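S.K.: Pasting start_27.txt here (compact mmCIF, C-alpha atoms and all ligand atoms):
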# COMPACT_ATOMS: atom_id res chain seq x y z
CA MET V 3 -5.47 -62.22 10.10
CA GLY V 4 -6.34 -65.25 12.27
CA SER V 5 -8.57 -65.04 15.31
CA THR V 6 -6.96 -65.32 18.74
CA LEU V 7 -8.05 -66.53 22.15
CA SER V 8 -8.42 -62.90 23.20
CA ASP V 9 -10.76 -62.25 20.21
CA TRP V 10 -12.78 -65.28 21.34
CA GLU V 11 -12.89 -63.97 24.91
CA GLY V 12 -14.10 -60.60 23.59
CA GLN V 13 -16.93 -62.40 21.80
CA ARG V 14 -17.98 -64.62 24.71
CA ARG V 15 -17.15 -62.94 28.04
CA LEU V 16 -20.29 -60.79 27.93
CA ILE V 17 -22.39 -63.97 28.39
CA ALA V 18 -21.29 -63.97 32.05
CA LYS V 19 -23.22 -60.70 32.54
CA ALA V 20 -26.47 -62.61 32.02
CA ILE V 21 -25.76 -64.97 34.94
CA HIS V 22 -27.12 -63.20 38.01
CA HIS V 23 -27.04 -65.85 40.72
CA PRO V 24 -25.39 -69.19 41.53
CA GLY V 25 -26.90 -72.32 40.03
CA THR V 26 -26.83 -74.96 37.34
CA LEU V 27 -26.01 -73.95 33.78
CA LEU V 28 -26.73 -75.98 30.64
CA ASP V 29 -24.81 -75.05 27.49
CA VAL V 30 -26.88 -76.31 24.55
CA GLY V 31 -24.31 -77.21 21.90
CA CYS V 32 -21.34 -77.06 24.27
CA ALA V 33 -18.83 -78.17 21.57
CA ASN V 34 -15.38 -78.62 23.21
CA GLY V 35 -16.56 -77.21 26.55
CA LEU V 36 -14.39 -74.10 26.35
CA LEU V 37 -17.30 -71.73 26.94
CA LEU V 38 -18.46 -73.68 30.00
CA ARG V 39 -14.91 -73.81 31.36
CA CYS V 40 -14.51 -70.06 30.87
CA LEU V 41 -17.92 -69.17 32.34
CA LEU V 42 -16.90 -70.97 35.54
CA ASP V 43 -14.01 -68.48 35.77
CA TRP V 44 -15.73 -65.38 34.40
CA SER V 45 -18.89 -65.52 36.50
CA PRO V 46 -18.67 -64.20 40.07
CA HIS V 47 -21.36 -66.77 40.93
CA PRO V 48 -20.57 -70.44 41.62
CA LEU V 49 -21.96 -72.52 38.76
CA VAL V 50 -22.49 -76.23 38.19
CA PRO V 51 -21.96 -76.79 34.46
CA TYR V 52 -23.80 -79.19 32.16
CA GLY V 53 -23.38 -79.57 28.42
CA ILE V 54 -24.99 -81.37 25.53
CA ASP V 55 -23.76 -81.70 21.97
CA PRO V 56 -24.68 -84.27 19.33
CA ASP V 57 -21.08 -84.36 18.06
CA PRO V 58 -19.29 -87.13 20.02
CA GLN V 59 -15.79 -85.88 19.12
CA ARG V 60 -16.52 -82.40 20.45
CA LEU V 61 -17.97 -83.94 23.57
CA ASP V 62 -14.77 -85.97 24.07
CA ALA V 63 -12.83 -82.71 23.92
CA ALA V 64 -15.26 -81.20 26.48
CA ARG V 65 -14.60 -84.13 28.82
CA GLY V 66 -10.91 -83.25 28.56
CA LEU V 67 -11.54 -79.62 29.51
CA LEU V 68 -14.07 -80.42 32.24
CA PRO V 69 -12.83 -83.74 33.68
CA GLU V 70 -14.49 -83.15 37.04
CA TYR V 71 -17.84 -82.71 35.25
CA ALA V 72 -17.44 -85.47 32.63
CA SER V 73 -20.67 -87.08 33.84
CA HIS V 74 -22.51 -83.76 33.21
CA LEU V 75 -21.90 -83.96 29.43
CA ALA V 76 -24.22 -85.91 27.15
CA PRO V 77 -24.20 -86.70 23.41
CA ILE V 78 -27.67 -85.39 22.69
CA GLY V 79 -29.02 -82.40 20.82
CA LEU V 80 -31.79 -79.90 21.16
CA GLY V 81 -34.85 -81.74 19.89
CA GLU V 82 -34.17 -84.68 22.17
CA LEU V 83 -33.94 -83.18 25.66
CA ARG V 84 -36.31 -85.92 26.81
CA ARG V 85 -33.18 -88.10 26.73
CA LEU V 86 -31.44 -86.09 29.48
CA SER V 87 -32.75 -88.54 32.05
CA ASP V 88 -31.14 -91.45 30.11
CA TYR V 89 -27.83 -89.89 31.22
CA ALA V 90 -29.01 -89.29 34.81
CA LEU V 91 -28.93 -85.54 34.15
CA PRO V 92 -31.41 -83.02 35.53
CA THR V 93 -34.25 -82.05 33.21
CA ARG V 94 -34.30 -78.42 34.36
CA PHE V 95 -31.44 -75.99 34.90
CA ASP V 96 -31.31 -72.55 36.51
CA PHE V 97 -29.67 -71.16 33.38
CA VAL V 98 -29.94 -72.50 29.85
CA TYR V 99 -27.57 -70.94 27.34
CA TRP V 100 -28.13 -71.52 23.64
CA ASN V 101 -25.97 -70.07 20.90
CA VAL V 102 -28.65 -69.79 18.24
CA TRP V 103 -26.96 -71.03 15.08
CA ASP V 104 -26.53 -68.44 12.34
CA ASP V 105 -28.54 -70.46 9.84
CA LEU V 106 -31.50 -71.16 12.15
CA GLU V 107 -34.81 -69.64 11.02
CA PHE V 108 -37.39 -69.45 13.79
CA GLU V 109 -40.13 -69.57 11.14
CA GLN V 110 -39.32 -73.28 10.75
CA PRO V 111 -41.56 -75.47 12.97
CA TRP V 112 -38.60 -77.57 14.13
CA ALA V 113 -36.77 -74.42 15.29
CA GLN V 114 -39.83 -73.38 17.29
CA ARG V 115 -39.82 -76.83 18.90
CA TYR V 116 -36.15 -76.32 19.81
CA LEU V 117 -37.02 -73.00 21.44
CA ASP V 118 -39.92 -74.57 23.36
CA GLU V 119 -37.62 -77.34 24.56
CA ALA V 120 -34.96 -74.89 25.73
CA LEU V 121 -37.62 -72.88 27.58
CA GLY V 122 -39.05 -76.04 29.14
CA ALA V 123 -35.61 -76.93 30.51
CA THR V 124 -35.16 -73.45 32.04
CA ALA V 125 -35.91 -72.92 35.73
CA SER V 126 -34.71 -69.32 36.06
CA ARG V 127 -33.30 -67.67 32.92
CA LEU V 128 -33.06 -68.61 29.23
CA ILE V 129 -30.06 -66.90 27.64
CA LEU V 130 -29.71 -66.77 23.86
CA GLY V 131 -26.47 -65.78 22.16
CA PHE V 132 -26.20 -64.64 18.54
CA TYR V 133 -22.80 -64.54 16.83
CA GLY V 134 -23.58 -62.80 13.53
CA PRO V 135 -23.61 -63.12 10.61
CA SER V 136 -24.87 -59.48 10.67
CA LEU V 137 -26.70 -57.23 13.13
CA GLU V 138 -29.60 -57.09 10.68
CA ALA V 139 -29.92 -60.89 10.67
CA ILE V 140 -29.80 -60.96 14.49
CA GLU V 141 -32.45 -58.23 14.82
CA LYS V 142 -34.72 -60.18 12.47
CA LYS V 143 -34.52 -63.20 14.77
CA LEU V 144 -35.06 -60.97 17.82
CA ALA V 145 -38.18 -59.45 16.29
CA TRP V 146 -39.63 -62.95 15.92
CA LEU V 147 -38.61 -63.84 19.49
CA ARG V 148 -40.22 -60.68 20.92
CA LYS V 149 -43.53 -61.68 19.36
CA LYS V 150 -43.28 -65.14 20.88
CA LEU V 151 -41.68 -64.46 24.29
CA GLY V 152 -42.24 -60.76 24.89
CA GLU V 153 -39.56 -58.16 25.55
CA PRO V 154 -36.32 -59.72 26.84
CA ALA V 155 -35.46 -59.07 30.49
CA GLY V 156 -31.99 -57.98 29.42
CA ARG V 157 -29.54 -57.56 26.58
CA THR V 158 -25.81 -57.07 26.25
CA GLU V 159 -23.79 -56.81 23.07
CA ASN V 160 -20.41 -56.43 21.44
CA LEU V 161 -21.40 -54.79 18.19
CA PRO V 162 -17.94 -54.56 16.59
CA ALA V 163 -17.84 -58.36 16.93
CA THR V 164 -21.55 -58.74 15.98
CA VAL V 165 -22.37 -60.60 19.18
CA VAL V 166 -25.71 -60.03 20.94
CA VAL V 167 -26.82 -61.84 24.10
CA VAL V 168 -30.43 -61.57 25.33
CA TRP V 169 -32.33 -63.25 28.12
CA TRP V 170 -35.83 -63.97 29.38
CA ASP V 171 -36.75 -64.84 32.97
CA LYS V 172 -39.19 -67.48 34.08
CA GLY V 173 -42.04 -66.09 36.20
C1 LIG Z 201 -20.65 -72.72 17.58
S1 LIG Z 201 -20.74 -74.13 18.62
C2 LIG Z 201 -21.17 -73.32 20.14
C3 LIG Z 201 -20.19 -73.59 21.22
C4 LIG Z 201 -20.49 -72.84 22.52
N1 LIG Z 201 -21.81 -73.15 23.01
C5 LIG Z 201 -20.35 -71.34 22.33
O1 LIG Z 201 -21.37 -70.65 22.34
O2 LIG Z 201 -19.22 -70.88 22.17
C6 LIG Z 201 -22.29 -74.85 18.10
C7 LIG Z 201 -22.43 -76.30 18.57
O3 LIG Z 201 -23.80 -76.69 18.39
C8 LIG Z 201 -23.79 -78.07 18.15
N2 LIG Z 201 -25.09 -78.50 17.62
C9 LIG Z 201 -25.50 -78.71 16.35
N3 LIG Z 201 -26.78 -79.15 16.32
C10 LIG Z 201 -27.20 -79.20 17.61
C11 LIG Z 201 -28.40 -79.58 18.26
N4 LIG Z 201 -29.50 -79.98 17.58
N5 LIG Z 201 -28.47 -79.49 19.60
C12 LIG Z 201 -27.42 -79.06 20.32
N6 LIG Z 201 -26.24 -78.71 19.77
C13 LIG Z 201 -26.13 -78.79 18.43
C14 LIG Z 201 -22.61 -78.29 17.21
O4 LIG Z 201 -22.17 -79.65 17.24
C15 LIG Z 201 -21.60 -77.29 17.78
O5 LIG Z 201 -20.70 -77.95 18.65
Would you mind giving the structure from this file in structure tokens?
M.R.:
Amino acid sequence: MGSTLSDWEGQRRLIAKAIHHPGTLLDVGCANGLLLRCLLDWSPHPLVPYGIDPDPQRLDAARGLLPEYASHLAPIGLGELRRLSDYALPTRFDFVYWNVWDDLEFEQPWAQRYLDEALGATASRLILGFYGPSLEAIEKKLAWLRKKLGEPAGRTENLPATVVVVWWDKG
């Protein structure tokens, strides 16, 4: 059975619950921009979207979905956020959303640098989303994150879909 747009919405809509005030939102790894486009509709708070993705073809698709924000999209990846200013983009955002890739291991030094970069770009709330592959694998990553960042300020989940979203607030 193929997955549908409504399956996708079921796996992503909960991210809007983590956005608790208006502001700027950076999607780290924004792909075709669909999540950003949807969050603008799903959140009751007005948002100004920004997206980065190292894949230029995905970014072209994002420019198609977010034409009015085309200048807010940049072909860079986590690990090179210092280049945001090359694209005249802000270096800090009220909300930073990062879908932590399934195969990322926080024990790797480069992954810890990615986390530090995402935190450094966060003015208000860092939101991390985990889409599987299993609840056990997600909880293992969360255990590591608790040691590093402390208890998350909040968590929401869709367990049948193996999606967990957690967030930490900046002091
Ligand atoms: C599964 S998509 C996530 C799309 C959207 N953010 C969401 O949560 O639905 C993951 C994206 O991360 C991008 N990506 C891979 N390496 C990256 C990096 N170092 N920094 C930022 N994005 C990266 C991929 O090109 C891909 O478009």
S.K.: Give one line per residue of chain V that approaches ligand LIG 201 (chain Z) to at most 10 Å, naming the two atoms of the closest pair and their distance in Å to one decimal, counting all atoms listed in the file; sort by chain then ascending residue number and deliver it as a tab-separated table.
M.R.:
residue	atom	partner	partner_atom	distance
V:Trp10	CA	Z:LIG201	O2	8.6
V:Glu11	CA	Z:LIG201	O2	9.8
V:Gln13	CA	Z:LIG201	O2	8.8
V:Arg14	CA	Z:LIG201	O2	6.9
V:Ile17	CA	Z:LIG201	O1	9.1
V:Leu28	CA	Z:LIG201	N1	9.5
V:Asp29	CA	Z:LIG201	N1	5.7
V:Val30	CA	Z:LIG201	C12	5.1
V:Gly31	CA	Z:LIG201	N6	3.2
V:Cys32	CA	Z:LIG201	N1	4.1
V:Ala33	CA	Z:LIG201	O5	3.5
V:Asn34	CA	Z:LIG201	O5	7.0
V:Gly35	CA	Z:LIG201	C4	7.1
V:Leu36	CA	Z:LIG201	O2	7.2
V:Leu37	CA	Z:LIG201	O2	5.2
V:Leu38	CA	Z:LIG201	N1	7.8
V:Cys40	CA	Z:LIG201	O2	9.9
V:Gly53	CA	Z:LIG201	N1	8.5
V:Ile54	CA	Z:LIG201	C12	6.2
V:Asp55	CA	Z:LIG201	N6	4.5
V:Pro56	CA	Z:LIG201	O4	5.7
V:Asp57	CA	Z:LIG201	O4	4.9
V:Pro58	CA	Z:LIG201	O4	8.5
V:Gln59	CA	Z:LIG201	O4	9.1
V:Arg60	CA	Z:LIG201	O5	6.4
V:Leu61	CA	Z:LIG201	O5	8.2
V:Pro77	CA	Z:LIG201	C12	8.8
V:Ile78	CA	Z:LIG201	N5	6.7
V:Gly79	CA	Z:LIG201	N5	3.2
V:Leu80	CA	Z:LIG201	N5	3.7
V:Gly81	CA	Z:LIG201	N4	6.1
V:Glu82	CA	Z:LIG201	N4	8.1
V:Leu83	CA	Z:LIG201	N5	9.0
V:Tyr99	CA	Z:LIG201	N1	7.5
V:Trp100	CA	Z:LIG201	N1	6.6
V:Asn101	CA	Z:LIG201	O1	4.9
V:Val102	CA	Z:LIG201	C6	8.1
V:Trp103	CA	Z:LIG201	C6	6.7
V:Asp104	CA	Z:LIG201	C1	9.0
V:Ala113	CA	Z:LIG201	N4	9.4
V:Tyr116	CA	Z:LIG201	N4	7.9
V:Leu130	CA	Z:LIG201	O1	9.3
V:Gly131	CA	Z:LIG201	O1	7.1
V:Phe132	CA	Z:LIG201	O1	8.6
V:Tyr133	CA	Z:LIG201	O1	8.4
S.K.: Next, the residues of the selection above should be written as an mmCIF file, in the frame of the given file with C-alpha atoms.
M.R.:
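As a result, result-v6.cif now contains:
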data_model
loop_
_atom_site.group_PDB
_atom_site.id
_atom_site.type_symbol
_atom_site.label_atom_id
_atom_site.label_comp_id
_atom_site.auth_asym_id
_atom_site.auth_seq_id
_atom_site.Cartn_x
_atom_site.Cartn_y
_atom_site.Cartn_z
ATOM 1 C CA TRP V 10 -12.780 -65.280 21.340
ATOM 2 C CA GLU V 11 -12.890 -63.970 24.910
ATOM 3 C CA GLN V 13 -16.930 -62.400 21.800
ATOM 4 C CA ARG V 14 -17.980 -64.620 24.710
ATOM 5 C CA ILE V 17 -22.390 -63.970 28.390
ATOM 6 C CA LEU V 28 -26.730 -75.980 30.640
ATOM 7 C CA ASP V 29 -24.810 -75.050 27.490
ATOM 8 C CA VAL V 30 -26.880 -76.310 24.550
ATOM 9 C CA GLY V 31 -24.310 -77.210 21.900
ATOM 10 C CA CYS V 32 -21.340 -77.060 24.270
ATOM 11 C CA ALA V 33 -18.830 -78.170 21.570
ATOM 12 C CA ASN V 34 -15.380 -78.620 23.210
ATOM 13 C CA GLY V 35 -16.560 -77.210 26.550
ATOM 14 C CA LEU V 36 -14.390 -74.100 26.350
ATOM 15 C CA LEU V 37 -17.300 -71.730 26.940
ATOM 16 C CA LEU V 38 -18.460 -73.680 30.000
ATOM 17 C CA CYS V 40 -14.510 -70.060 30.870
ATOM 18 C CA GLY V 53 -23.380 -79.570 28.420
ATOM 19 C CA ILE V 54 -24.990 -81.370 25.530
ATOM 20 C CA ASP V 55 -23.760 -81.700 21.970
ATOM 21 C CA PRO V 56 -24.680 -84.270 19.330
ATOM 22 C CA ASP V 57 -21.080 -84.360 18.060
ATOM 23 C CA PRO V 58 -19.290 -87.130 20.020
ATOM 24 C CA GLN V 59 -15.790 -85.880 19.120
ATOM 25 C CA ARG V 60 -16.520 -82.400 20.450
ATOM 26 C CA LEU V 61 -17.970 -83.940 23.570
ATOM 27 C CA PRO V 77 -24.200 -86.700 23.410
ATOM 28 C CA ILE V 78 -27.670 -85.390 22.690
ATOM 29 C CA GLY V 79 -29.020 -82.400 20.820
ATOM 30 C CA LEU V 80 -31.790 -79.900 21.160
ATOM 31 C CA GLY V 81 -34.850 -81.740 19.890
ATOM 32 C CA GLU V 82 -34.170 -84.680 22.170
ATOM 33 C CA LEU V 83 -33.940 -83.180 25.660
ATOM 34 C CA TYR V 99 -27.570 -70.940 27.340
ATOM 35 C CA TRP V 100 -28.130 -71.520 23.640
ATOM 36 C CA ASN V 101 -25.970 -70.070 20.900
ATOM 37 C CA VAL V 102 -28.650 -69.790 18.240
ATOM 38 C CA TRP V 103 -26.960 -71.030 15.080
ATOM 39 C CA ASP V 104 -26.530 -68.440 12.340
ATOM 40 C CA ALA V 113 -36.770 -74.420 15.290
ATOM 41 C CA TYR V 116 -36.150 -76.320 19.810
ATOM 42 C CA LEU V 130 -29.710 -66.770 23.860
ATOM 43 C CA GLY V 131 -26.470 -65.780 22.160
ATOM 44 C CA PHE V 132 -26.200 -64.640 18.540
ATOM 45 C CA TYR V 133 -22.800 -64.540 16.830
#
S.K.: Neighbouring residues of region 20-26 of chain V were defined as those with any atom within 8 Å, considering only C-alpha atoms; residues of the same chain fewer than 4 positions away were excluded. Please report them as a list in words.
M.R.: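 Answer for this query is Leu16, Ser45, His47, Pro48, Leu49, Val50, Pro51, Tyr52, Phe95, Asp96, Phe97, Ile129, Gly156, Val167, Val168 and Trp169 of chain V.
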S.K.: Please, what distance in Å, to one decimal, runs between CA of Ala125 (chain V) and CA of Pro92 (chain V)?
M.R.: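 So the two atoms, CA of Ala125 (chain V) and CA of Pro92 (chain V), lie 11.1 Å apart.
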S.K.: When you count all atoms listed in the file, which of these residues is closest to Tyr71 (chain V): V:Gln110, V:Ser87, V:Arg39, V:Arg148?
M.R.: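 Checking each of V:Gln110, V:Ser87, V:Arg39, V:Arg148 against Tyr71 (chain V), counting all atoms listed in the file, the winner is V:Arg39.
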S.K.: By how many Å are CA of Lys150 (chain V) and CA of Val166 (chain V) apart?
M.R.: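 CA of Val166 (chain V) lies 18.3 Å from CA of Lys150 (chain V).
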